[in-house]
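Structure first, commentary second.
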Amino acid sequence: MTWNFNIDEAPRGNTITEIVVVKGETTTRKRFVPDRILVASPDCGAVIFSNWIPLAENGKDGNRWNNLGSKQIPLAWQHIPPHPNSHP
C-alpha cells in the first residue's frame, strides 16, 4: 500500500436507494454509504480511519472528513489493507 497525496482521488462512498416499510407503508429512501479509508492527519501526523461525511440535507453539517476538524483536509490517504489472515 502506498500513500496517495491527491485527496480528490480518495473514495468517498455512494448513495443507495432502499425500499423500507414505515408504519405498514412501503416507501423508498436514499442513504449515503461511506467508503472507509486511512488518512494521514495534516497536523499531528497521526494515521486514522476516516470517511467522507457529505453535506446534510439542512445544509448545516457535512462536506468534511470524519475524525478530522471541520476545516481540515487529510495530508494523504490509502485503502485499508486486508488482515494478514484474510483469504484471497
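Lettering and numbering for the C-alpha cells are positional, with chains as A, B, ... in the shown order, residues counted from 1 in each chain, and ligands counted from 1 in the shown order.
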
Segment 45-57 of chain A environment, 9 Å, only C-alpha atoms, sequence neighbours closer than 5 positions dropped, as JSON, numbers by chain: {"A": [11, 12, 13, 32, 34, 35, 36, 37, 38, 39, 40, 62, 63, 64, 65, 66, 67, 68, 75, 80]}

Selected residues written out with N, CA and C atoms, as a PDB file, in the first residue's frame:
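Below is the file that was written, again_39.pdb:
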ATOM      1  N   PRO A  11     -11.657   7.685  -2.265  1.00  0.00           N
ATOM      2  CA  PRO A  11     -13.039   7.209  -2.397  1.00  0.00           C
ATOM      3  C   PRO A  11     -13.906   7.799  -1.292  1.00  0.00           C
ATOM      4  N   ARG A  12     -15.093   8.219  -1.652  1.00  0.00           N
ATOM      5  CA  ARG A  12     -15.969   8.862  -0.676  1.00  0.00           C
ATOM      6  C   ARG A  12     -17.171   8.008  -0.333  1.00  0.00           C
ATOM      7  N   GLY A  13     -17.680   7.236  -1.252  1.00  0.00           N
ATOM      8  CA  GLY A  13     -18.838   6.394  -0.995  1.00  0.00           C
ATOM      9  C   GLY A  13     -19.882   6.576  -2.079  1.00  0.00           C
ATOM     10  N   PHE A  32     -26.570   7.461   2.210  1.00  0.00           N
ATOM     11  CA  PHE A  32     -25.166   7.508   1.824  1.00  0.00           C
ATOM     12  C   PHE A  32     -24.403   6.412   2.550  1.00  0.00           C
ATOM     13  N   PRO A  34     -20.650   5.369   3.184  1.00  0.00           N
ATOM     14  CA  PRO A  34     -19.278   5.855   3.005  1.00  0.00           C
ATOM     15  C   PRO A  34     -18.269   4.736   2.806  1.00  0.00           C
ATOM     16  N   ASP A  35     -17.178   5.059   2.116  1.00  0.00           N
ATOM     17  CA  ASP A  35     -16.032   4.167   1.993  1.00  0.00           C
ATOM     18  C   ASP A  35     -15.049   4.534   3.098  1.00  0.00           C
ATOM     19  N   ARG A  36     -14.632   3.557   3.907  1.00  0.00           N
ATOM     20  CA  ARG A  36     -13.654   3.824   4.965  1.00  0.00           C
ATOM     21  C   ARG A  36     -12.252   3.704   4.393  1.00  0.00           C
ATOM     22  N   ILE A  37     -11.408   4.645   4.770  1.00  0.00           N
ATOM     23  CA  ILE A  37     -10.014   4.678   4.312  1.00  0.00           C
ATOM     24  C   ILE A  37      -9.124   5.074   5.482  1.00  0.00           C
ATOM     25  N   LEU A  38      -7.826   4.984   5.267  1.00  0.00           N
ATOM     26  CA  LEU A  38      -6.852   5.521   6.211  1.00  0.00           C
ATOM     27  C   LEU A  38      -6.423   6.887   5.708  1.00  0.00           C
ATOM     28  N   VAL A  39      -6.319   7.848   6.621  1.00  0.00           N
ATOM     29  CA  VAL A  39      -5.840   9.177   6.246  1.00  0.00           C
ATOM     30  C   VAL A  39      -4.703   9.591   7.174  1.00  0.00           C
ATOM     31  N   ALA A  40      -3.816  10.408   6.655  1.00  0.00           N
ATOM     32  CA  ALA A  40      -2.741  10.993   7.446  1.00  0.00           C
ATOM     33  C   ALA A  40      -3.193  12.385   7.863  1.00  0.00           C
ATOM     34  N   GLY A  62     -21.534  18.707   7.417  1.00  0.00           N
ATOM     35  CA  GLY A  62     -21.019  17.785   6.417  1.00  0.00           C
ATOM     36  C   GLY A  62     -19.992  18.422   5.514  1.00  0.00           C
ATOM     37  N   ASN A  63     -19.744  17.758   4.373  1.00  0.00           N
ATOM     38  CA  ASN A  63     -18.675  18.129   3.458  1.00  0.00           C
ATOM     39  C   ASN A  63     -17.353  18.221   4.195  1.00  0.00           C
ATOM     40  N   ARG A  64     -17.055  17.134   4.928  1.00  0.00           N
ATOM     41  CA  ARG A  64     -15.802  17.087   5.688  1.00  0.00           C
ATOM     42  C   ARG A  64     -15.409  15.631   5.895  1.00  0.00           C
ATOM     43  N   TRP A  65     -14.203  15.438   6.428  1.00  0.00           N
ATOM     44  CA  TRP A  65     -13.678  14.110   6.710  1.00  0.00           C
ATOM     45  C   TRP A  65     -13.913  13.768   8.169  1.00  0.00           C
ATOM     46  N   ASN A  66     -14.444  12.574   8.426  1.00  0.00           N
ATOM     47  CA  ASN A  66     -14.701  12.100   9.773  1.00  0.00           C
ATOM     48  C   ASN A  66     -13.386  12.001  10.555  1.00  0.00           C
ATOM     49  N   ASN A  67     -13.429  12.318  11.837  1.00  0.00           N
ATOM     50  CA  ASN A  67     -12.298  12.277  12.768  1.00  0.00           C
ATOM     51  C   ASN A  67     -11.265  13.364  12.526  1.00  0.00           C
ATOM     52  N   LEU A  68     -11.577  14.320  11.676  1.00  0.00           N
ATOM     53  CA  LEU A  68     -10.729  15.498  11.489  1.00  0.00           C
ATOM     54  C   LEU A  68     -11.577  16.731  11.788  1.00  0.00           C
ATOM     55  N   LEU A  75      -3.645  14.953   4.771  1.00  0.00           N
ATOM     56  CA  LEU A  75      -2.394  15.129   4.041  1.00  0.00           C
ATOM     57  C   LEU A  75      -2.285  14.098   2.916  1.00  0.00           C
ATOM     58  N   ILE A  80      -7.576   0.668   3.181  1.00  0.00           N
ATOM     59  CA  ILE A  80      -7.270  -0.129   4.361  1.00  0.00           C
ATOM     60  C   ILE A  80      -6.749  -1.483   3.879  1.00  0.00           C
TER      61      ILE A  80
END

Sel. of strand (DSSP E or B) residues, chain A, as a VMD selection string: chain A and resid 4 13 to 22 25 to 34 37 to 40 47 to 50 52 to 53 64 to 65 76 to 78

Distance query Ala76 of chain A at most 9 Å, only C-alpha atoms, self and fewer than 6 positions along chain excluded, as a PyMOL selection string: chain A and resi 3-7+10+38-42

Env of Arg29 of chain A: 7 Å cut, atoms = only C-alpha atoms, seq-sep filter 2 positions within chain, self excluded. Answer as a short mmCIF file (atom, residue, chain, number, x, y, z; two decimals) with N, CA and C atoms, in the first residue's frame.
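This is the output file selection-v1.cif:
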data_model
loop_
_atom_site.label_atom_id
_atom_site.label_comp_id
_atom_site.auth_asym_id
_atom_site.auth_seq_id
_atom_site.Cartn_x
_atom_site.Cartn_y
_atom_site.Cartn_z
N THR A 17 -30.40 3.62 -2.93
CA THR A 17 -31.83 3.74 -2.71
C THR A 17 -32.31 2.45 -2.06
N GLU A 18 -33.01 2.59 -0.95
CA GLU A 18 -33.52 1.44 -0.22
C GLU A 18 -35.04 1.44 -0.24
N ILE A 19 -35.61 0.25 -0.21
CA ILE A 19 -37.06 0.11 -0.04
C ILE A 19 -37.28 -0.27 1.42
N THR A 27 -42.01 2.43 1.19
CA THR A 27 -41.50 3.67 0.61
C THR A 27 -40.03 3.49 0.26
N ARG A 31 -29.78 6.72 1.02
CA ARG A 31 -28.86 6.67 2.14
C ARG A 31 -27.44 6.66 1.60
#

Distance of atom CA of Met1 of chain A from atom CA of Gly69 of chain A, expressed in Å to one decimal place: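 So the two atoms, atom CA of Gly69 of chain A and atom CA of Met1 of chain A, lie 25.5 Å apart.
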
Atomic distance atom CA of Asn14 of chain A - atom CA of His79 of chain A, expressed in Å with one decimal: 16.1 Å
